[in-house]
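This is final_21.cif (mmCIF, C-alpha atoms and all ligand atoms).
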```cif
data_start
loop_
_atom_site.group_PDB
_atom_site.id
_atom_site.type_symbol
_atom_site.label_atom_id
_atom_site.label_comp_id
_atom_site.auth_asym_id
_atom_site.auth_seq_id
_atom_site.Cartn_x
_atom_site.Cartn_y
_atom_site.Cartn_z
ATOM 1 C CA MET A 8 2.793 19.281 19.025
ATOM 2 C CA SER A 9 2.499 23.005 18.297
ATOM 3 C CA ASP A 10 5.594 23.106 16.122
ATOM 4 C CA PHE A 11 4.417 20.299 13.872
ATOM 5 C CA ASN A 12 5.031 21.322 10.278
ATOM 6 C CA PRO A 13 3.164 19.226 7.705
ATOM 7 C CA TYR A 14 5.285 20.741 4.927
ATOM 8 C CA ALA A 15 8.586 19.653 6.429
ATOM 9 C CA PRO A 16 10.539 17.339 4.112
ATOM 10 C CA PRO A 17 10.583 13.705 5.192
ATOM 11 C CA ALA A 18 13.514 12.823 7.381
ATOM 12 C CA ASP A 19 16.345 11.133 5.554
ATOM 13 C CA ILE A 20 16.492 7.482 6.531
ATOM 14 C CA SER A 21 19.956 6.945 5.080
ATOM 15 C CA ASP A 22 21.577 8.429 8.187
ATOM 16 C CA SER A 23 19.092 7.126 10.755
ATOM 17 C CA GLY A 24 21.086 3.971 11.390
ATOM 18 C CA GLY A 25 17.786 2.089 11.441
ATOM 19 C CA ARG A 26 16.457 3.986 14.435
ATOM 20 C CA TRP A 27 12.820 4.837 14.642
ATOM 21 C CA GLY A 28 12.414 8.459 14.046
ATOM 22 C CA GLY A 29 11.722 11.527 12.036
ATOM 23 C CA ALA A 30 8.807 12.822 14.088
ATOM 24 C CA ASP A 31 8.897 15.459 16.763
ATOM 25 C CA ASP A 32 7.536 13.296 19.581
ATOM 26 C CA GLY A 33 9.654 10.225 20.136
ATOM 27 C CA GLY A 34 9.875 7.858 17.218
ATOM 28 C CA GLY A 35 6.485 8.787 15.828
ATOM 29 C CA LEU A 36 5.549 5.088 15.625
ATOM 30 C CA TRP A 37 3.026 3.181 17.704
ATOM 31 C CA ARG A 38 0.909 0.083 17.650
ATOM 32 C CA GLU A 39 -2.874 -0.149 17.627
ATOM 33 C CA ARG A 40 -3.706 -3.883 17.731
ATOM 34 C CA PHE A 41 -2.612 -5.282 14.345
ATOM 35 C CA LEU A 42 -1.819 -1.898 12.830
ATOM 36 C CA LEU A 43 1.193 0.353 12.874
ATOM 37 C CA VAL A 44 0.241 3.946 13.641
ATOM 38 C CA MET A 45 2.734 6.492 12.433
ATOM 39 C CA ASP A 46 3.200 10.192 12.370
ATOM 40 C CA ARG A 47 3.100 10.954 8.660
ATOM 41 C CA THR A 48 6.540 12.545 8.927
ATOM 42 C CA ALA A 49 8.103 9.581 10.757
ATOM 43 C CA THR A 50 10.426 7.112 9.075
ATOM 44 C CA LEU A 51 10.287 3.338 9.348
ATOM 45 C CA PRO A 52 13.365 1.362 10.382
ATOM 46 C CA ALA A 53 15.360 0.614 7.247
ATOM 47 C CA ASP A 54 17.229 -2.296 8.829
ATOM 48 C CA ARG A 55 14.192 -4.525 9.506
ATOM 49 C CA CYS A 56 11.896 -6.316 7.068
ATOM 50 C CA ILE A 57 8.454 -4.727 7.435
ATOM 51 C CA VAL A 58 6.769 -8.080 6.740
ATOM 52 C CA CYS A 59 8.700 -10.439 9.064
ATOM 53 C CA ASN A 60 11.126 -8.291 11.113
ATOM 54 C CA ALA A 61 14.204 -10.198 9.821
ATOM 55 C CA PRO A 62 17.275 -8.115 8.957
ATOM 56 C CA ALA A 63 16.541 -6.086 5.822
ATOM 57 C CA THR A 64 18.798 -6.196 2.794
ATOM 58 C CA GLY A 65 19.339 -3.782 -0.059
ATOM 59 C CA LYS A 66 17.665 -0.452 -0.533
ATOM 60 C CA PRO A 67 14.381 0.235 1.253
ATOM 61 C CA LEU A 68 11.365 -0.016 -1.014
ATOM 62 C CA ARG A 69 9.396 3.152 -1.614
ATOM 63 C CA ARG A 70 5.642 2.784 -1.222
ATOM 64 C CA LYS A 71 3.293 5.666 -1.878
ATOM 65 C CA LEU A 72 0.000 4.842 -0.225
ATOM 66 C CA SER A 73 -3.260 6.712 -0.364
ATOM 67 C CA TRP A 74 -6.544 6.450 1.451
ATOM 68 C CA HIS A 75 -9.929 8.147 1.581
ATOM 69 C CA THR A 76 -13.060 7.684 3.684
ATOM 70 C CA PRO A 77 -14.825 4.578 2.303
ATOM 71 C CA TRP A 78 -18.071 6.582 1.926
ATOM 72 C CA TRP A 79 -16.640 8.024 -1.271
ATOM 73 C CA TYR A 80 -16.958 4.597 -2.880
ATOM 74 C CA LEU A 81 -20.725 5.206 -2.997
ATOM 75 C CA LEU A 82 -20.013 7.594 -5.864
ATOM 76 C CA VAL A 83 -19.036 4.557 -7.962
ATOM 77 C CA LEU A 84 -22.745 3.655 -8.034
ATOM 78 C CA PHE A 85 -23.448 7.081 -9.416
ATOM 79 C CA ASN A 86 -20.607 7.542 -11.885
ATOM 80 C CA LEU A 87 -17.158 5.988 -12.087
ATOM 81 C CA LEU A 88 -15.523 9.111 -13.507
ATOM 82 C CA VAL A 89 -17.037 11.356 -10.838
ATOM 83 C CA TYR A 90 -15.727 8.924 -8.219
ATOM 84 C CA ALA A 91 -12.245 8.891 -9.782
ATOM 85 C CA ILE A 92 -12.074 12.695 -9.755
ATOM 86 C CA ALA A 93 -13.434 12.959 -6.199
ATOM 87 C CA ALA A 94 -10.993 10.280 -4.986
ATOM 88 C CA MET A 95 -8.065 12.174 -6.513
ATOM 89 C CA ILE A 96 -9.093 15.270 -4.560
ATOM 90 C CA VAL A 97 -10.060 13.806 -1.187
ATOM 91 C CA ARG A 98 -7.458 11.064 -0.800
ATOM 92 C CA ARG A 99 -4.680 11.495 1.720
ATOM 93 C CA LYS A 100 -1.241 10.210 0.952
ATOM 94 C CA VAL A 101 1.734 8.876 2.809
ATOM 95 C CA ASP A 102 5.131 8.203 1.285
ATOM 96 C CA LEU A 103 6.980 5.338 2.965
ATOM 97 C CA ARG A 104 10.271 3.567 2.637
ATOM 98 C CA VAL A 105 10.067 0.046 3.972
ATOM 99 C CA GLY A 106 12.864 -2.412 4.664
ATOM 100 C CA LEU A 107 12.578 -5.884 3.102
ATOM 101 C CA CYS A 108 14.492 -9.115 3.708
ATOM 102 C CA ASP A 109 15.729 -11.273 0.811
ATOM 103 C CA THR A 110 12.751 -13.630 1.062
ATOM 104 C CA HIS A 111 10.086 -10.948 0.917
ATOM 105 C CA ARG A 112 11.947 -8.928 -1.696
ATOM 106 C CA SER A 113 12.151 -11.937 -4.021
ATOM 107 C CA ARG A 114 8.573 -12.992 -3.227
ATOM 108 C CA ARG A 115 7.414 -9.567 -4.337
ATOM 109 C CA ARG A 116 9.461 -9.883 -7.534
ATOM 110 C CA TRP A 117 7.777 -13.220 -8.256
ATOM 111 C CA TRP A 118 4.345 -11.675 -7.841
ATOM 112 C CA ILE A 119 5.308 -8.873 -10.237
ATOM 113 C CA ALA A 120 6.635 -11.414 -12.760
ATOM 114 C CA LEU A 121 3.482 -13.517 -12.426
ATOM 115 C CA ALA A 122 1.218 -10.484 -12.880
ATOM 116 C CA TRP A 123 3.066 -9.455 -16.060
ATOM 117 C CA SER A 124 3.078 -13.030 -17.397
ATOM 118 C CA LEU A 125 -0.697 -13.251 -16.967
ATOM 119 C CA VAL A 126 -1.233 -9.923 -18.699
ATOM 120 C CA LEU A 127 1.074 -10.876 -21.596
ATOM 121 C CA ALA A 128 -0.599 -14.289 -21.919
ATOM 122 C CA ALA A 129 -3.971 -12.523 -21.952
ATOM 123 C CA ILE A 130 -2.811 -10.192 -24.735
ATOM 124 C CA GLY A 131 -1.602 -13.234 -26.713
ATOM 125 C CA LEU A 132 -4.911 -15.049 -26.268
ATOM 126 C CA LEU A 133 -6.859 -11.966 -27.207
ATOM 127 C CA ALA A 134 -4.758 -11.524 -30.361
ATOM 128 C CA ILE A 135 -5.338 -15.163 -31.346
ATOM 129 C CA GLY A 136 -9.037 -14.950 -30.510
ATOM 130 C CA LEU A 137 -9.553 -11.825 -32.619
ATOM 131 C CA THR A 138 -7.364 -12.598 -35.632
ATOM 132 C CA THR A 139 -7.600 -16.340 -36.200
ATOM 133 C CA ARG A 140 -10.441 -18.104 -37.953
ATOM 134 C CA LEU A 141 -12.054 -19.991 -35.143
ATOM 135 C CA THR A 142 -15.502 -21.290 -34.404
ATOM 136 C CA ASP A 143 -17.500 -18.743 -32.436
ATOM 137 C CA GLY A 144 -17.387 -20.965 -29.357
ATOM 138 C CA THR A 145 -13.585 -21.290 -29.383
ATOM 139 C CA ALA A 146 -13.081 -17.576 -29.992
ATOM 140 C CA ALA A 147 -15.436 -16.766 -27.131
ATOM 141 C CA SER A 148 -13.594 -19.096 -24.746
ATOM 142 C CA LEU A 149 -10.219 -17.606 -25.751
ATOM 143 C CA ILE A 150 -11.506 -14.101 -25.141
ATOM 144 C CA GLY A 151 -13.046 -15.233 -21.849
ATOM 145 C CA LEU A 152 -9.680 -16.677 -20.816
ATOM 146 C CA ALA A 153 -7.946 -13.458 -21.851
ATOM 147 C CA VAL A 154 -10.314 -11.352 -19.753
ATOM 148 C CA SER A 155 -9.728 -13.664 -16.759
ATOM 149 C CA GLY A 156 -5.964 -13.323 -17.320
ATOM 150 C CA PHE A 157 -6.202 -9.520 -17.333
ATOM 151 C CA LEU A 158 -8.284 -9.553 -14.163
ATOM 152 C CA ALA A 159 -6.024 -12.036 -12.359
ATOM 153 C CA GLY A 160 -2.917 -10.104 -13.453
ATOM 154 C CA GLY A 161 -4.476 -6.857 -12.249
ATOM 155 C CA ILE A 162 -5.512 -8.287 -8.886
ATOM 156 C CA ILE A 163 -2.084 -9.864 -8.308
ATOM 157 C CA GLY A 164 -0.485 -6.623 -9.500
ATOM 158 C CA ILE A 165 -2.362 -4.729 -6.807
ATOM 159 C CA TYR A 166 -2.519 -7.169 -3.890
ATOM 160 C CA GLY A 167 0.626 -9.271 -4.329
ATOM 161 C CA VAL A 168 2.908 -6.325 -4.844
ATOM 162 C CA ARG A 169 1.699 -3.799 -2.308
ATOM 163 C CA VAL A 170 3.551 -5.157 0.806
ATOM 164 C CA VAL A 171 1.865 -2.698 3.187
ATOM 165 C CA THR A 172 -1.493 -0.920 2.990
ATOM 166 C CA ALA A 173 -2.903 2.337 4.321
ATOM 167 C CA LYS A 174 -5.953 1.493 6.455
ATOM 168 C CA GLN A 175 -6.691 5.071 7.471
ATOM 169 C CA ILE A 176 -4.944 8.423 7.102
ATOM 170 C CA ASP A 177 -5.874 11.637 8.888
ATOM 171 C CA ASP A 178 -4.243 15.055 8.861
ATOM 172 C CA ARG A 179 -1.383 13.891 10.968
ATOM 173 C CA TYR A 180 -1.283 10.096 11.348
ATOM 174 C CA ALA A 181 -1.426 7.035 9.126
ATOM 175 C CA TRP A 182 -2.618 3.532 10.109
ATOM 176 C CA ILE A 183 -0.611 0.932 8.218
ATOM 177 C CA GLY A 184 -1.543 -2.730 7.754
ATOM 178 C CA GLY A 185 0.633 -5.677 6.740
ATOM 179 C CA VAL A 186 3.355 -4.947 9.297
ATOM 180 C CA SER A 187 5.069 -7.849 11.122
ATOM 181 C CA SER A 188 3.594 -8.518 14.572
ATOM 182 C CA LYS A 189 7.156 -8.967 15.871
ATOM 183 C CA LEU A 190 7.909 -5.462 14.729
ATOM 184 C CA LEU A 191 4.658 -4.164 16.249
ATOM 185 C CA ASP A 192 5.640 -5.798 19.568
ATOM 186 C CA THR A 193 8.591 -3.385 19.834
ATOM 187 C CA LEU A 194 6.345 -0.310 19.641
ATOM 188 C CA PRO A 195 4.542 1.634 22.365
ATOM 189 C CA ASP A 196 0.749 1.334 22.482
ATOM 190 C CA TRP A 197 -1.201 3.981 20.632
ATOM 191 C CA SER A 198 -3.500 6.140 22.748
ATOM 192 C CA GLY A 199 -4.631 8.724 20.195
ATOM 193 C CA PRO A 200 -7.685 8.697 17.912
ATOM 194 C CA LYS A 201 -8.832 5.166 17.101
ATOM 195 C CA TYR A 202 -8.809 3.291 13.859
ATOM 196 C CA HIS A 203 -12.420 3.294 12.618
ATOM 197 C CA GLY A 204 -12.337 0.245 10.356
HETATM 198 ZN ZN ZN A 301 10.847 -10.526 5.463
#
```

Kindly transcribe the structure held in the file into structure tokens.
Ligand SMILES: [Zn+2]
Amino acid sequence: MSDFNPYAPPADISDSGGRWGGADDGGGLWRERFLLVMDRTATLPADRCIVCNAPATGKPLRRKLSWHTPWWYLLVLFNLLVYAIAAMIVRRKVDLRVGLCDTHRSRRRWWIALAWSLVLAAIGLLAIGLTTRLTDGTAASLIGLAVSGFLAGGIIGIYGVRVVTAKQIDDRYAWIGGVSSKLLDTLPDWSGPKYHG
């Protein structure tokens, strides 16, 4: 514990052979109920799909996750810009590389394609709504549809594409959601500080 160096570069997963590892105490990976708890310097197994535990294919996917104490969201009520600046400062980050199987890799690509299609369709509708001579009612419905398209595209862009999520991050550990329960079953139980959520 005493020789933990938060500034150490992340371990290189290319030569890990899919082993758990990278941290100074064992694999640096544990399970707390439905969450994966990891030492922030640990690496995830590159040979297993993080979503379903099937053999992973292709290059691991890089996911940069961030998290801050939910109390900071109260600042949104006060001022969105103040919140955005505070969140940039207080958030903690973890940089992961997750394995994905063919199914989950292509599912993610479909979500990305769908999100972009919705946004492009929304831009098209907005352009028609603003430039064409239409009755006020039709123009308003087109613009309403466009706004819904932007929102849906944005939500899918965030939630469909993220694969895994950071549920909590402290100075040393990260709690990760969205990990296969089969994969969690292979991990030792976590006995450190609890997940607060
Ligand atoms: Zn999978």

*With only C-alpha atoms and all ligand atoms counted, collect every polymer residue having an atom within 6 Å of ligand ZN 301 (chain A); state the result as JSON, numbers by chain.*
{"A": [56, 58, 59, 61, 107, 108, 110, 111]}

Go ahead and write the selection's residues with C-alpha atoms as a PDB file, in the coordinates of the input.
```pdb
ATOM      1  CA  CYS A  56      11.896  -6.316   7.068  1.00  0.00           C
ATOM      2  CA  VAL A  58       6.769  -8.080   6.740  1.00  0.00           C
ATOM      3  CA  CYS A  59       8.700 -10.439   9.064  1.00  0.00           C
ATOM      4  CA  ALA A  61      14.204 -10.198   9.821  1.00  0.00           C
ATOM      5  CA  LEU A 107      12.578  -5.884   3.102  1.00  0.00           C
ATOM      6  CA  CYS A 108      14.492  -9.115   3.708  1.00  0.00           C
ATOM      7  CA  THR A 110      12.751 -13.630   1.062  1.00  0.00           C
ATOM      8  CA  HIS A 111      10.086 -10.948   0.917  1.00  0.00           C
TER       9      HIS A 111
END
```

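Each of A:Val171, A:Leu137, A:Val105, A:Leu36 was checked against Lys66 of chain A using only C-alpha atoms; the smallest atom-to-atom distance is that of A:Val105.
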
*Which residues come within 9 Å of segment 149-151 of chain A, counting only C-alpha atoms, excluding same-chain residues fewer than 6 positions away, as a ChimeraX atom specification?*
/A:129,132-137

Given 3 Å of margin on each side, can you work out the centre and size in Å (one decimal) of an axis-aligned box holding every listed atom of segment 159-177 of chain A, as AutoDock Vina command-line options?
```
--center_x -1.6 --center_y -0.2 --center_z -2.3 --size_x 16.2 --size_y 29.7 --size_z 28.3
```

*Find the residues around segment 68-77 of chain A up to 9 Å (only C-alpha atoms counted), leave out those fewer than 2 positions away in its own chain, and share them as a PyMOL selection string.*
chain A and resi 65-66+79-81+94+97-107+112+169-176

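Residue nearest Gly35 of chain A, chosen from A:Ile119, A:Leu51, A:Val83, A:Leu88 and counting all atoms listed in the file: A:Leu51.
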
_Explicit residue set for the PyMOL selection byres (((chain A and resi 191) around 9) and not hetatm), as a PyMOL selection string_ = chain A and resi 37-43+186-190+192-195

Run the PyMOL selection byres (((chain A and resi 123) around 10) and not hetatm) on the file and write out the hits as a short mmCIF file (atom, residue, chain, number, x, y, z; two decimals) with C-alpha atoms, in the coordinates of the input.
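New file expr_17.cif:
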```cif
data_model
loop_
_atom_site.label_atom_id
_atom_site.label_comp_id
_atom_site.auth_asym_id
_atom_site.auth_seq_id
_atom_site.Cartn_x
_atom_site.Cartn_y
_atom_site.Cartn_z
CA TRP A 117 7.78 -13.22 -8.26
CA TRP A 118 4.34 -11.68 -7.84
CA ILE A 119 5.31 -8.87 -10.24
CA ALA A 120 6.64 -11.41 -12.76
CA LEU A 121 3.48 -13.52 -12.43
CA ALA A 122 1.22 -10.48 -12.88
CA SER A 124 3.08 -13.03 -17.40
CA LEU A 125 -0.70 -13.25 -16.97
CA VAL A 126 -1.23 -9.92 -18.70
CA LEU A 127 1.07 -10.88 -21.60
CA ALA A 128 -0.60 -14.29 -21.92
CA ALA A 129 -3.97 -12.52 -21.95
CA GLY A 156 -5.96 -13.32 -17.32
CA PHE A 157 -6.20 -9.52 -17.33
CA GLY A 160 -2.92 -10.10 -13.45
CA GLY A 161 -4.48 -6.86 -12.25
CA ILE A 163 -2.08 -9.86 -8.31
CA GLY A 164 -0.48 -6.62 -9.50
#
```

*Written as a PyMOL selection string, which residues does the PyMOL selection byres (((chain A and resi 200) around 12) and not hetatm) give for the file shown?*
chain A and resi 39+44-45+175-182+197-199+201-203
